[in-house]
Amino acid sequence: MGVPETMRAARIAEHGGPEVVELTEVAVPAPRAGEVLVQVSAVALNNTDLWTREGAYGRPGDPEALSGWRGPIDFPRIQGADVAGEVVAVGADVDEGLVGRRVVVDPAIYDTDGPDANPVGLMGSERDGGYAEYATARADRVHDVTGSPLTDDQLASLPTAYGTALGMIERGRLREGETVLVSGASGGVGLALVQIARARGAEVLAISSGAKIDAVREAGAHHVLDRARDVVEQVRAAAPEGVDVGLDVVAGELVGDGLPLLREGGRWVIAGALGGYGVSFDVRRLYLHNAQVIGSAMHTPTHFGLLVDLARQGAIQPVIAATFPLEQAARAQEELARRNHVGKIVLHP
């Protein structure tokens, strides 16, 4: 069956959340030179969908937070960074052998073409994404996962959350046998950190709360710490010799509280600020103990290649919290915004 001329897509015409998402009929994009056309089987939601990149890099009106923001975004925009599907057509200069292959797409837009390039944009923000029946992507950002035991929903859950997690773990140089502390462990990135760190052979301490504690434990955490209690006290009880690496998506006061928990030469990696942007700590904790504070934004192409290898092996098992049809994209985003779920929310175009 050939590719149709039009498709359904959920898109936005302005910055905002679920209230600006509209289902519409648009032309199927034609792959340009160096691109492929993917028939989308699943697209996972991320926090950046709620603000179209502003959620990660600050919102208009906040000059401090805008320091890394690449806008303005061209509207209308089809959202959706995390795409799994099948290649159905290729543009010029692309191997036709890709047609029919099951793929997952690296959503990052990088500053260079090198293996250690930095992400400066995102599919679904700086270019159209996967809230649609079809999406285009650069051929070199499409990874063949035809033999993976993971479902399409699980594959779609990987790129942003698990890519960000693996970027943190790689930049933090986490090794087998080390002890790691994961904050925000029930969120998309946090749960991915728990699973990947456990697969790497680390002793995993994870911070969560309430009804989500059991889910975090089932994901692979050796010790789950209740954030409603004294976290520092709980870490010292579970790891009296300290932790080697902190993997932090919360920041705020946790940075100052957490750095003294690091062993000599420890690394504290930050990829979020759910607990606040401003941090305060005693700088002597760094230079007297050879500790490091490391910023980490998503992944590099090299990191994403490592993630795809894990997917092909089925070494990690993303948790799916809920699925929605494409026409309920706004409702799915509302569910995402409530933060009552554990795992990923996925749309089916």
# chains A, B, ... in the order shown; residues from 1 in each chain; ligands from 1
>>> residues_around(residues="region 155-171 of chain A", least_positions_apart="5", cutoff="9 Å", atoms="only C-alpha atoms", output="CSV table (one decimal) with all heavy atoms, in the first residue's frame")
chain,number,residue,atom,x,y,z
A,41,SER,N,4.2,4.4,14.7
A,41,SER,CA,3.3,3.4,15.4
A,41,SER,C,3.1,3.8,16.8
A,41,SER,O,2.1,3.5,17.4
A,41,SER,CB,4.0,2.1,15.3
A,41,SER,OG,5.3,2.2,15.9
A,42,ALA,N,4.0,4.6,17.4
A,42,ALA,CA,3.9,5.1,18.8
A,42,ALA,C,4.7,6.3,19.0
A,42,ALA,O,5.8,6.4,18.4
A,42,ALA,CB,4.3,4.0,19.8
A,43,VAL,N,4.2,7.3,19.8
A,43,VAL,CA,5.0,8.5,20.2
A,43,VAL,C,4.7,8.7,21.6
A,43,VAL,O,3.6,8.8,22.1
A,43,VAL,CB,4.6,9.7,19.3
A,43,VAL,CG1,3.1,9.9,19.3
A,43,VAL,CG2,5.3,10.9,19.7
A,44,ALA,N,5.8,8.8,22.4
A,44,ALA,CA,5.7,9.0,23.8
A,44,ALA,C,5.7,10.5,24.2
A,44,ALA,O,6.3,11.3,23.5
A,44,ALA,CB,6.9,8.3,24.6
A,45,LEU,N,5.0,10.8,25.3
A,45,LEU,CA,4.9,12.2,25.7
A,45,LEU,C,6.1,12.6,26.7
A,45,LEU,O,6.6,11.7,27.4
A,45,LEU,CB,3.6,12.5,26.5
A,45,LEU,CG,2.4,12.8,25.6
A,45,LEU,CD1,2.0,11.7,24.7
A,45,LEU,CD2,1.2,13.2,26.5
A,46,ASN,N,6.5,13.8,26.7
A,46,ASN,CA,7.5,14.4,27.6
A,46,ASN,C,7.0,15.7,28.1
A,46,ASN,O,6.2,16.4,27.5
A,46,ASN,CB,8.8,14.5,26.9
A,46,ASN,CG,9.4,13.2,26.5
A,46,ASN,OD1,9.9,12.5,27.4
A,46,ASN,ND2,9.5,12.9,25.2
A,81,ALA,N,8.5,14.3,20.4
A,81,ALA,CA,9.9,14.0,20.2
A,81,ALA,C,10.2,12.6,20.0
A,81,ALA,O,11.1,12.2,19.3
A,81,ALA,CB,10.7,14.6,21.3
A,82,ASP,N,9.4,11.7,20.7
A,82,ASP,CA,9.8,10.3,20.8
A,82,ASP,C,9.0,9.4,19.9
A,82,ASP,O,7.9,9.0,20.2
A,82,ASP,CB,9.7,9.9,22.3
A,82,ASP,CG,10.6,10.6,23.2
A,82,ASP,OD1,11.4,11.4,22.7
A,82,ASP,OD2,10.5,10.5,24.4
A,83,VAL,N,9.7,9.0,18.8
A,83,VAL,CA,9.0,8.3,17.8
A,83,VAL,C,9.5,6.9,17.5
A,83,VAL,O,10.7,6.7,17.4
A,83,VAL,CB,9.0,9.1,16.4
A,83,VAL,CG1,8.5,8.3,15.3
A,83,VAL,CG2,8.3,10.4,16.6
A,84,ALA,N,8.6,5.9,17.4
A,84,ALA,CA,9.0,4.6,16.9
A,84,ALA,C,8.0,4.3,15.8
A,84,ALA,O,6.9,4.7,15.8
A,84,ALA,CB,8.8,3.6,18.1
A,85,GLY,N,8.5,3.5,14.8
A,85,GLY,CA,7.7,3.2,13.7
A,85,GLY,C,8.4,2.5,12.6
A,85,GLY,O,9.4,1.8,12.9
A,103,VAL,N,12.1,1.1,13.4
A,103,VAL,CA,13.1,2.1,13.8
A,103,VAL,C,12.7,2.9,15.0
A,103,VAL,O,11.5,3.0,15.3
A,103,VAL,CB,13.4,3.1,12.7
A,103,VAL,CG1,14.0,2.4,11.5
A,103,VAL,CG2,12.2,3.9,12.3
A,104,VAL,N,13.6,3.5,15.7
A,104,VAL,CA,13.4,4.5,16.7
A,104,VAL,C,14.3,5.7,16.3
A,104,VAL,O,15.4,5.5,15.7
A,104,VAL,CB,13.8,3.9,18.1
A,104,VAL,CG1,15.3,3.6,18.2
A,104,VAL,CG2,13.4,4.9,19.2
A,105,VAL,N,13.7,6.9,16.5
A,105,VAL,CA,14.3,8.1,16.0
A,105,VAL,C,15.0,8.8,17.2
A,105,VAL,O,14.5,9.1,18.3
A,105,VAL,CB,13.3,9.0,15.4
A,105,VAL,CG1,13.9,10.3,14.9
A,105,VAL,CG2,12.6,8.3,14.3
A,106,ASP,N,16.3,9.2,16.9
A,106,ASP,CA,17.0,10.2,17.9
A,106,ASP,C,16.4,11.6,17.6
A,106,ASP,O,16.6,12.1,16.5
A,106,ASP,CB,18.5,10.2,17.6
A,106,ASP,CG,19.3,11.1,18.4
A,106,ASP,OD1,18.7,11.9,19.2
A,106,ASP,OD2,20.5,11.1,18.4
A,107,PRO,N,15.7,12.1,18.6
A,107,PRO,CA,15.0,13.4,18.4
A,107,PRO,C,15.9,14.6,18.5
A,107,PRO,O,15.4,15.7,18.2
A,107,PRO,CB,14.0,13.4,19.5
A,107,PRO,CG,14.6,12.7,20.6
A,107,PRO,CD,15.5,11.6,20.0
A,108,ALA,N,17.1,14.5,18.9
A,108,ALA,CA,17.9,15.7,19.2
A,108,ALA,C,18.4,16.4,17.9
A,108,ALA,O,18.6,15.7,16.9
A,108,ALA,CB,19.2,15.3,20.0
A,145,VAL,N,15.9,-1.1,14.8
A,145,VAL,CA,15.7,-1.9,16.0
A,145,VAL,C,14.7,-3.0,15.6
A,145,VAL,O,13.9,-3.5,16.4
A,145,VAL,CB,15.1,-1.1,17.1
A,145,VAL,CG1,16.1,-0.2,17.7
A,145,VAL,CG2,13.9,-0.3,16.7
A,148,SER,N,14.5,-6.0,18.0
A,148,SER,CA,14.4,-5.7,19.4
A,148,SER,C,13.2,-6.5,20.0
A,148,SER,O,12.1,-6.5,19.4
A,148,SER,CB,14.2,-4.2,19.7
A,148,SER,OG,13.9,-4.0,21.1
A,150,LEU,N,11.5,-5.4,22.5
A,150,LEU,CA,10.7,-4.3,23.1
A,150,LEU,C,9.5,-4.1,22.2
A,150,LEU,O,9.6,-4.2,20.9
A,150,LEU,CB,11.5,-3.0,23.3
A,150,LEU,CG,12.7,-3.1,24.2
A,150,LEU,CD1,13.3,-1.7,24.4
A,150,LEU,CD2,12.3,-3.7,25.6
A,187,GLY,N,9.7,9.7,38.1
A,187,GLY,CA,9.5,10.4,36.8
A,187,GLY,C,10.0,9.6,35.6
A,187,GLY,O,10.7,8.6,35.8
A,188,GLY,N,9.8,10.1,34.4
A,188,GLY,CA,10.3,9.5,33.3
A,188,GLY,C,11.8,9.3,33.2
A,188,GLY,O,12.3,8.2,33.0
A,189,VAL,N,12.6,10.3,33.5
A,189,VAL,CA,14.0,10.2,33.5
A,189,VAL,C,14.5,9.5,34.7
A,189,VAL,O,15.4,8.6,34.7
A,189,VAL,CB,14.7,11.6,33.5
A,189,VAL,CG1,16.2,11.5,33.6
A,189,VAL,CG2,14.3,12.3,32.2
A,190,GLY,N,13.9,9.7,35.9
A,190,GLY,CA,14.3,9.1,37.1
A,190,GLY,C,14.1,7.6,37.0
A,190,GLY,O,15.0,6.8,37.4
A,191,LEU,N,13.0,7.1,36.5
A,191,LEU,CA,12.8,5.6,36.4
A,191,LEU,C,13.8,5.0,35.4
A,191,LEU,O,14.3,3.9,35.6
A,191,LEU,CB,11.4,5.4,35.9
A,191,LEU,CG,10.7,4.0,36.4
A,191,LEU,CD1,10.6,4.0,37.9
A,191,LEU,CD2,9.4,3.8,35.7
A,192,ALA,N,14.1,5.8,34.3
A,192,ALA,CA,15.1,5.3,33.4
A,192,ALA,C,16.5,5.2,34.1
A,192,ALA,O,17.2,4.3,33.8
A,192,ALA,CB,15.2,6.3,32.2
A,193,LEU,N,16.8,6.2,34.9
A,193,LEU,CA,18.1,6.2,35.6
A,193,LEU,C,18.2,4.9,36.5
A,193,LEU,O,19.2,4.3,36.5
A,193,LEU,CB,18.2,7.4,36.5
A,193,LEU,CG,18.5,8.7,35.8
A,193,LEU,CD1,18.3,9.9,36.7
A,193,LEU,CD2,19.9,8.7,35.2
A,194,VAL,N,17.1,4.6,37.2
A,194,VAL,CA,17.1,3.4,38.1
A,194,VAL,C,17.4,2.2,37.2
A,194,VAL,O,18.2,1.3,37.6
A,194,VAL,CB,15.7,3.3,38.8
A,194,VAL,CG1,15.6,2.0,39.5
A,194,VAL,CG2,15.6,4.4,39.8
A,196,ILE,N,18.7,1.8,34.1
A,196,ILE,CA,20.0,1.7,33.4
A,196,ILE,C,21.1,1.6,34.4
A,196,ILE,O,22.1,0.8,34.2
A,196,ILE,CB,20.2,3.0,32.6
A,196,ILE,CG1,19.2,3.1,31.5
A,196,ILE,CG2,21.6,2.9,31.9
A,196,ILE,CD1,19.2,4.3,30.6
A,197,ALA,N,21.0,2.3,35.6
A,197,ALA,CA,22.1,2.1,36.6
A,197,ALA,C,22.1,0.7,37.1
A,197,ALA,O,23.2,0.1,37.4
A,197,ALA,CB,21.9,3.1,37.7
A,245,VAL,N,28.1,8.5,42.9
A,245,VAL,CA,27.5,9.4,41.9
A,245,VAL,C,26.1,9.7,42.3
A,245,VAL,O,25.3,8.9,42.7
A,245,VAL,CB,27.4,8.7,40.5
A,245,VAL,CG1,26.8,9.6,39.5
A,245,VAL,CG2,28.8,8.2,40.1
A,247,LEU,N,22.7,11.3,40.7
A,247,LEU,CA,22.0,11.6,39.4
A,247,LEU,C,20.7,12.3,39.8
A,247,LEU,O,19.7,11.8,40.2
A,247,LEU,CB,21.7,10.2,38.7
A,247,LEU,CG,22.9,9.4,38.4
A,247,LEU,CD1,22.5,8.0,37.8
A,247,LEU,CD2,23.9,10.1,37.4
A,248,ASP,N,20.7,13.6,39.5
A,248,ASP,CA,19.8,14.5,40.1
A,248,ASP,C,18.9,15.3,39.0
A,248,ASP,O,19.5,16.0,38.2
A,248,ASP,CB,20.6,15.5,40.9
A,248,ASP,CG,19.7,16.5,41.7
A,248,ASP,OD1,18.5,16.2,41.8
A,248,ASP,OD2,20.2,17.4,42.3
A,269,VAL,N,25.6,14.8,39.1
A,269,VAL,CA,25.2,15.1,37.8
A,269,VAL,C,23.8,15.7,37.8
A,269,VAL,O,22.9,15.1,38.4
A,269,VAL,CB,25.2,13.9,36.8
A,269,VAL,CG1,24.9,14.3,35.4
A,269,VAL,CG2,26.6,13.2,36.9
A,270,ILE,N,23.6,16.9,37.2
A,270,ILE,CA,22.3,17.6,37.3
A,270,ILE,C,21.7,17.7,35.9
A,270,ILE,O,22.3,18.2,35.0
A,270,ILE,CB,22.4,19.0,37.9
A,270,ILE,CG1,23.0,18.8,39.3
A,270,ILE,CG2,21.0,19.7,38.0
A,270,ILE,CD1,23.3,20.2,39.9
A,271,ALA,N,20.4,17.3,35.7
A,271,ALA,CA,19.7,17.4,34.4
A,271,ALA,C,18.3,17.9,34.6
A,271,ALA,O,17.4,17.6,33.8
A,271,ALA,CB,19.7,16.0,33.7
A,294,ILE,N,28.3,18.3,37.6
A,294,ILE,CA,28.3,18.2,36.1
A,294,ILE,C,26.9,18.4,35.6
A,294,ILE,O,25.9,17.9,36.1
A,294,ILE,CB,28.7,16.7,35.7
A,294,ILE,CG1,30.1,16.4,36.3
A,294,ILE,CG2,28.7,16.6,34.2
A,294,ILE,CD1,30.5,14.9,36.2
A,295,GLY,N,26.8,19.3,34.6
A,295,GLY,CA,25.5,19.6,34.0
A,295,GLY,C,25.4,18.6,32.8
A,295,GLY,O,26.3,18.3,32.1
A,296,SER,N,24.1,18.2,32.6
A,296,SER,CA,23.9,17.2,31.5
A,296,SER,C,22.5,17.5,30.9
A,296,SER,O,21.5,17.4,31.5
A,296,SER,CB,23.9,15.8,32.1
A,296,SER,OG,23.7,14.8,31.1
A,297,ALA,N,22.6,17.8,29.6
A,297,ALA,CA,21.4,18.1,28.8
A,297,ALA,C,21.2,17.0,27.8
A,297,ALA,O,22.0,16.9,26.8
A,297,ALA,CB,21.4,19.4,28.1
A,298,MET,N,20.3,16.1,28.0
A,298,MET,CA,20.0,15.0,27.0
A,298,MET,C,21.2,14.2,26.8
A,298,MET,O,21.9,13.8,27.7
A,298,MET,CB,19.4,15.6,25.7
A,298,MET,CG,18.0,16.1,25.9
A,298,MET,SD,17.2,16.6,24.3
A,298,MET,CE,17.1,15.1,23.5
A,299,HIS,N,21.5,13.8,25.5
A,299,HIS,CA,22.5,12.8,25.2
A,299,HIS,C,23.3,13.3,24.0
A,299,HIS,O,22.9,14.3,23.3
A,299,HIS,CB,21.8,11.5,24.8
A,299,HIS,CG,20.7,11.7,23.8
A,299,HIS,ND1,19.4,11.8,24.1
A,299,HIS,CD2,20.8,11.8,22.4
A,299,HIS,CE1,18.7,11.9,23.0
A,299,HIS,NE2,19.5,11.9,22.0
A,300,THR,N,24.4,12.7,23.7
A,300,THR,CA,25.1,12.9,22.5
A,300,THR,C,24.8,11.8,21.5
A,300,THR,O,24.1,10.8,21.9
A,300,THR,CB,26.6,12.8,22.7
A,300,THR,OG1,27.0,11.5,23.1
A,300,THR,CG2,27.1,13.8,23.8
A,303,HIS,N,26.0,8.5,22.9
A,303,HIS,CA,25.2,8.0,24.0
A,303,HIS,C,23.9,7.3,23.4
A,303,HIS,O,23.5,6.3,23.9
A,303,HIS,CB,24.7,9.2,24.9
A,303,HIS,CG,25.8,9.9,25.6
A,303,HIS,ND1,25.7,11.1,26.1
A,303,HIS,CD2,27.1,9.4,26.0
A,303,HIS,CE1,26.8,11.5,26.7
A,303,HIS,NE2,27.7,10.5,26.6
A,304,PHE,N,23.3,8.0,22.4
A,304,PHE,CA,22.1,7.4,21.8
A,304,PHE,C,22.4,6.0,21.2
A,304,PHE,O,21.6,5.1,21.2
A,304,PHE,CB,21.5,8.3,20.8
A,304,PHE,CG,20.0,8.1,20.6
A,304,PHE,CD1,19.1,8.6,21.4
A,304,PHE,CD2,19.6,7.3,19.5
A,304,PHE,CE1,17.7,8.3,21.2
A,304,PHE,CE2,18.3,7.0,19.3
A,304,PHE,CZ,17.3,7.5,20.1
A,306,LEU,N,24.5,3.9,22.3
A,306,LEU,CA,24.6,2.9,23.4
A,306,LEU,C,23.2,2.6,23.9
A,306,LEU,O,22.9,1.4,24.2
A,306,LEU,CB,25.4,3.5,24.6
A,306,LEU,CG,26.9,3.8,24.3
A,306,LEU,CD1,27.4,4.6,25.5
A,306,LEU,CD2,27.6,2.5,24.1
A,307,LEU,N,22.3,3.6,23.8
A,307,LEU,CA,20.9,3.3,24.2
A,307,LEU,C,20.2,2.3,23.3
A,307,LEU,O,19.5,1.4,23.7
A,307,LEU,CB,20.1,4.6,24.3
A,307,LEU,CG,18.6,4.5,24.6
A,307,LEU,CD1,18.5,4.0,26.0
A,307,LEU,CD2,18.0,5.9,24.5
A,308,VAL,N,20.5,2.5,22.0
A,308,VAL,CA,19.9,1.6,21.0
A,308,VAL,C,20.4,0.2,21.2
A,308,VAL,O,19.7,-0.8,21.0
A,308,VAL,CB,20.2,2.2,19.6
A,308,VAL,CG1,19.7,1.1,18.5
A,308,VAL,CG2,19.4,3.5,19.3
A,311,ALA,N,18.4,-1.3,23.8
A,311,ALA,CA,17.1,-1.7,23.2
A,311,ALA,C,17.1,-2.9,22.4
A,311,ALA,O,16.2,-3.8,22.5
A,311,ALA,CB,16.5,-0.5,22.4
A,318,PRO,N,11.2,-0.4,29.5
A,318,PRO,CA,10.4,0.8,29.9
A,318,PRO,C,9.0,0.5,30.3
A,318,PRO,O,8.4,-0.4,29.8
A,318,PRO,CB,10.4,1.6,28.5
A,318,PRO,CG,11.6,1.2,27.8
A,318,PRO,CD,11.8,-0.3,28.2
A,319,VAL,N,8.6,1.2,31.4
A,319,VAL,CA,7.3,1.0,31.9
A,319,VAL,C,6.3,1.9,31.2
A,319,VAL,O,6.5,3.1,31.1
A,319,VAL,CB,7.3,1.3,33.5
A,319,VAL,CG1,5.9,1.2,34.1
A,319,VAL,CG2,8.3,0.4,34.2
A,320,ILE,N,5.2,1.4,30.8
A,320,ILE,CA,4.1,2.1,30.1
A,320,ILE,C,3.0,2.4,31.1
A,320,ILE,O,2.4,1.4,31.6
A,320,ILE,CB,3.6,1.4,28.9
A,320,ILE,CG1,4.7,1.0,28.0
A,320,ILE,CG2,2.5,2.3,28.1
A,320,ILE,CD1,5.6,2.1,27.5
A,343,GLY,N,5.9,5.9,34.9
A,343,GLY,CA,6.2,5.3,33.5
A,343,GLY,C,5.8,6.3,32.5
A,343,GLY,O,5.6,7.5,32.7
A,344,LYS,N,5.7,5.9,31.2
A,344,LYS,CA,5.5,6.7,30.1
A,344,LYS,C,4.1,6.7,29.6
A,344,LYS,O,3.4,5.6,29.6
A,344,LYS,CB,6.5,6.4,28.9
A,344,LYS,CG,7.9,6.5,29.3
A,344,LYS,CD,8.3,7.9,29.6
A,344,LYS,CE,8.3,8.8,28.3
A,344,LYS,NZ,8.8,10.2,28.5
A,345,ILE,N,3.6,7.8,29.1
A,345,ILE,CA,2.3,7.9,28.5
A,345,ILE,C,2.6,8.0,27.0
A,345,ILE,O,3.4,8.7,26.5
A,345,ILE,CB,1.6,9.2,28.9
A,345,ILE,CG1,1.2,9.1,30.4
A,345,ILE,CG2,0.3,9.4,28.1
A,345,ILE,CD1,0.6,10.4,31.0
A,346,VAL,N,1.8,7.2,26.2
A,346,VAL,CA,2.1,7.0,24.8
A,346,VAL,C,0.9,7.2,24.0
A,346,VAL,O,-0.3,6.8,24.3
A,346,VAL,CB,2.6,5.5,24.5
A,346,VAL,CG1,2.8,5.3,23.0
A,346,VAL,CG2,3.9,5.3,25.3
>>> select_by_dssp(residues="region 124-331 of chain A", states="strand (DSSP E or B)", output="tab-separated table (two decimals) with N, CA and C atoms, in the first residue's frame")
chain	number	residue	atom	x	y	z
A	127	ARG	N	11.52	21.30	14.90
A	127	ARG	CA	11.01	20.71	13.66
A	127	ARG	C	9.81	19.83	14.02
A	132	ALA	N	1.49	12.49	14.83
A	132	ALA	CA	0.94	12.40	13.47
A	132	ALA	C	1.10	10.96	12.97
A	134	TYR	N	2.53	10.19	10.16
A	134	TYR	CA	3.82	10.09	9.50
A	134	TYR	C	4.71	11.24	9.97
A	135	ALA	N	6.03	11.00	9.97
A	135	ALA	CA	6.99	12.03	10.35
A	135	ALA	C	8.28	11.82	9.57
A	136	THR	N	8.95	12.90	9.22
A	136	THR	CA	10.26	12.78	8.58
A	136	THR	C	11.36	12.92	9.62
A	137	ALA	N	12.51	12.34	9.31
A	137	ALA	CA	13.68	12.44	10.18
A	137	ALA	C	14.93	12.27	9.33
A	138	ARG	N	16.03	12.83	9.79
A	138	ARG	CA	17.31	12.61	9.11
A	138	ARG	C	17.65	11.12	9.15
A	142	VAL	N	17.99	7.88	12.44
A	142	VAL	CA	17.03	6.77	12.51
A	142	VAL	C	17.82	5.49	12.75
A	143	HIS	N	17.42	4.75	13.80
A	143	HIS	CA	18.17	3.56	14.20
A	143	HIS	C	17.31	2.31	14.04
A	144	ASP	N	17.87	1.33	13.36
A	144	ASP	CA	17.16	0.08	13.07
A	144	ASP	C	17.09	-0.77	14.35
A	179	THR	N	28.01	3.00	43.98
A	179	THR	CA	26.73	3.33	44.61
A	179	THR	C	26.22	4.63	44.02
A	180	VAL	N	24.95	4.64	43.62
A	180	VAL	CA	24.38	5.81	42.96
A	180	VAL	C	23.11	6.24	43.68
A	181	LEU	N	22.91	7.56	43.77
A	181	LEU	CA	21.70	8.13	44.35
A	181	LEU	C	20.90	8.79	43.23
A	182	VAL	N	19.64	8.40	43.06
A	182	VAL	CA	18.77	8.93	42.01
A	182	VAL	C	17.65	9.74	42.65
A	203	GLU	N	24.82	-0.16	42.72
A	203	GLU	CA	23.92	-0.23	43.87
A	203	GLU	C	23.07	1.03	43.82
A	204	VAL	N	21.75	0.87	43.67
A	204	VAL	CA	20.88	2.00	43.37
A	204	VAL	C	20.06	2.41	44.59
A	205	LEU	N	20.26	3.67	45.02
A	205	LEU	CA	19.42	4.30	46.03
A	205	LEU	C	18.54	5.31	45.30
A	206	ALA	N	17.24	5.23	45.48
A	206	ALA	CA	16.33	6.08	44.73
A	206	ALA	C	15.39	6.82	45.67
A	207	ILE	N	15.15	8.09	45.36
A	207	ILE	CA	14.26	8.93	46.17
A	207	ILE	C	12.90	9.02	45.50
A	208	SER	N	11.85	8.66	46.25
A	208	SER	CA	10.49	8.72	45.73
A	208	SER	C	9.56	9.01	46.89
A	223	HIS	N	17.36	0.31	47.20
A	223	HIS	CA	16.82	1.01	48.36
A	223	HIS	C	15.99	2.18	47.86
A	224	VAL	N	14.75	2.30	48.34
A	224	VAL	CA	13.91	3.45	47.97
A	224	VAL	C	13.75	4.32	49.21
A	225	LEU	N	14.12	5.58	49.09
A	225	LEU	CA	14.11	6.52	50.19
A	225	LEU	C	12.88	7.41	50.06
A	226	ASP	N	12.18	7.61	51.16
A	226	ASP	CA	10.96	8.40	51.17
A	226	ASP	C	11.32	9.87	51.29
A	243	VAL	N	28.04	7.83	48.66
A	243	VAL	CA	27.69	7.43	47.29
A	243	VAL	C	28.75	7.93	46.33
A	244	ASP	N	28.89	7.22	45.24
A	244	ASP	CA	29.88	7.60	44.23
A	244	ASP	C	29.34	8.63	43.25
A	245	VAL	N	28.07	8.48	42.90
A	245	VAL	CA	27.47	9.35	41.89
A	245	VAL	C	26.06	9.75	42.32
A	246	GLY	N	25.75	11.05	42.23
A	246	GLY	CA	24.39	11.53	42.39
A	246	GLY	C	23.82	11.85	41.02
A	247	LEU	N	22.67	11.31	40.70
A	247	LEU	CA	22.00	11.56	39.43
A	247	LEU	C	20.73	12.33	39.75
A	248	ASP	N	20.74	13.63	39.49
A	248	ASP	CA	19.78	14.54	40.09
A	248	ASP	C	18.95	15.28	39.03
A	262	LEU	N	28.78	12.52	49.03
A	262	LEU	CA	29.66	11.91	48.04
A	262	LEU	C	30.95	11.40	48.67
A	263	ARG	N	31.42	10.28	48.17
A	263	ARG	CA	32.74	9.78	48.55
A	263	ARG	C	33.81	10.64	47.89
A	264	GLU	N	35.06	10.39	48.23
A	264	GLU	CA	36.17	11.09	47.59
A	264	GLU	C	36.09	10.86	46.08
A	265	GLY	N	36.22	11.94	45.32
A	265	GLY	CA	36.18	11.83	43.87
A	265	GLY	C	34.78	11.61	43.32
A	266	GLY	N	33.75	11.87	44.12
A	266	GLY	CA	32.38	11.64	43.68
A	266	GLY	C	31.93	12.65	42.64
A	267	ARG	N	30.84	12.28	41.94
A	267	ARG	CA	30.31	13.13	40.86
A	267	ARG	C	28.82	13.36	41.10
A	268	TRP	N	28.40	14.62	40.98
A	268	TRP	CA	26.98	14.97	41.13
A	268	TRP	C	26.52	15.53	39.79
A	269	VAL	N	25.61	14.81	39.12
A	269	VAL	CA	25.18	15.15	37.77
A	269	VAL	C	23.76	15.71	37.82
A	270	ILE	N	23.56	16.88	37.22
A	270	ILE	CA	22.27	17.56	37.27
A	270	ILE	C	21.68	17.69	35.87
A	292	GLN	N	32.94	16.63	41.80
A	292	GLN	CA	32.56	17.36	40.60
A	292	GLN	C	31.05	17.55	40.56
A	293	VAL	N	30.63	18.72	40.08
A	293	VAL	CA	29.23	18.97	39.75
A	293	VAL	C	29.17	19.10	38.23
A	294	ILE	N	28.32	18.28	37.60
A	294	ILE	CA	28.31	18.16	36.15
A	294	ILE	C	26.90	18.44	35.62
A	295	GLY	N	26.81	19.33	34.64
A	295	GLY	CA	25.53	19.57	33.97
A	295	GLY	C	25.36	18.61	32.81
A	320	ILE	N	5.15	1.35	30.78
A	320	ILE	CA	4.11	2.12	30.12
A	320	ILE	C	2.98	2.38	31.11
A	321	ALA	N	2.71	3.66	31.37
A	321	ALA	CA	1.68	4.02	32.34
A	321	ALA	C	0.29	4.02	31.71
A	322	ALA	N	0.19	4.53	30.46
A	322	ALA	CA	-1.12	4.63	29.80
A	322	ALA	C	-0.90	4.88	28.32
A	323	THR	N	-1.90	4.52	27.52
A	323	THR	CA	-1.87	4.81	26.09
A	323	THR	C	-3.16	5.54	25.70
A	324	PHE	N	-3.06	6.40	24.69
A	324	PHE	CA	-4.20	7.17	24.20
A	324	PHE	C	-4.16	7.18	22.67
A	325	PRO	N	-5.32	7.24	22.02
A	325	PRO	CA	-5.33	7.47	20.57
A	325	PRO	C	-4.93	8.90	20.27
>>> select_by_dssp(residues="region 163-275 of chain A", states="alpha helix (DSSP H)", output="PyMOL selection string")
chain A and resi 163-171+188-199+213-219+231-238+253-258
>>> closest_residue(among="A:Val255, A:Leu98, A:Leu288, A:Leu326", to="Val36 (chain A)", atoms="only C-alpha atoms")
A:Leu98
>>> closest_residue(among="A:Arg175, A:Arg141, A:Arg236, A:Arg339", to="Pro301 (chain A)", atoms="only C-alpha atoms")
A:Arg141
>>> atom_distance(atom1="CA of Ala27 (chain A)", atom2="CA of Arg102 (chain A)")
23.0 Å
>>> closest_residue(among="A:Arg285, A:Arg32, A:Arg11, A:Arg101", to="Asp74 (chain A)", atoms="only C-alpha atoms")
A:Arg11
>>> atom_distance(atom1="CA of Ala291 (chain A)", atom2="CA of Asn118 (chain A)")
23.6 Å
>>> closest_residue(among="A:Gly276, A:Gly210, A:Gly129, A:Pro29", to="Gln79 (chain A)", atoms="only C-alpha atoms")
A:Gly129
>>> atom_distance(atom1="CA of Tyr131 (chain A)", atom2="CA of Pro149 (chain A)")
24.0 Å
>>> residues_around(residues="Ile78 (chain A)", least_positions_apart="4", cutoff="10 Å", atoms="only C-alpha atoms", output="list in words")
Ala9, Ala10, Arg11, Ile12, Ala13, Val21, Glu22, Leu23, Thr52, Met123, Gly124, Ser125, Glu126, Arg127, Asp128, Gly129, Gly130, Tyr131, Ala132 and Ala135 of chain A
>>> decode(residues="region 254-265 of chain A", atoms="C-alpha atoms", output="short mmCIF file (atom, residue, chain, number, x, y, z; two decimals), in the first residue's frame")
data_model
loop_
_atom_site.label_atom_id
_atom_site.label_comp_id
_atom_site.auth_asym_id
_atom_site.auth_seq_id
_atom_site.Cartn_x
_atom_site.Cartn_y
_atom_site.Cartn_z
CA LEU A 254 19.13 18.68 47.38
CA VAL A 255 22.41 19.81 45.81
CA GLY A 256 23.70 21.40 49.01
CA ASP A 257 22.41 18.52 51.12
CA GLY A 258 23.68 15.86 48.75
CA LEU A 259 27.25 16.91 48.01
CA PRO A 260 28.50 15.96 51.52
CA LEU A 261 27.15 12.46 50.86
CA LEU A 262 29.66 11.91 48.04
CA ARG A 263 32.74 9.78 48.55
CA GLU A 264 36.17 11.09 47.59
CA GLY A 265 36.18 11.83 43.87
#
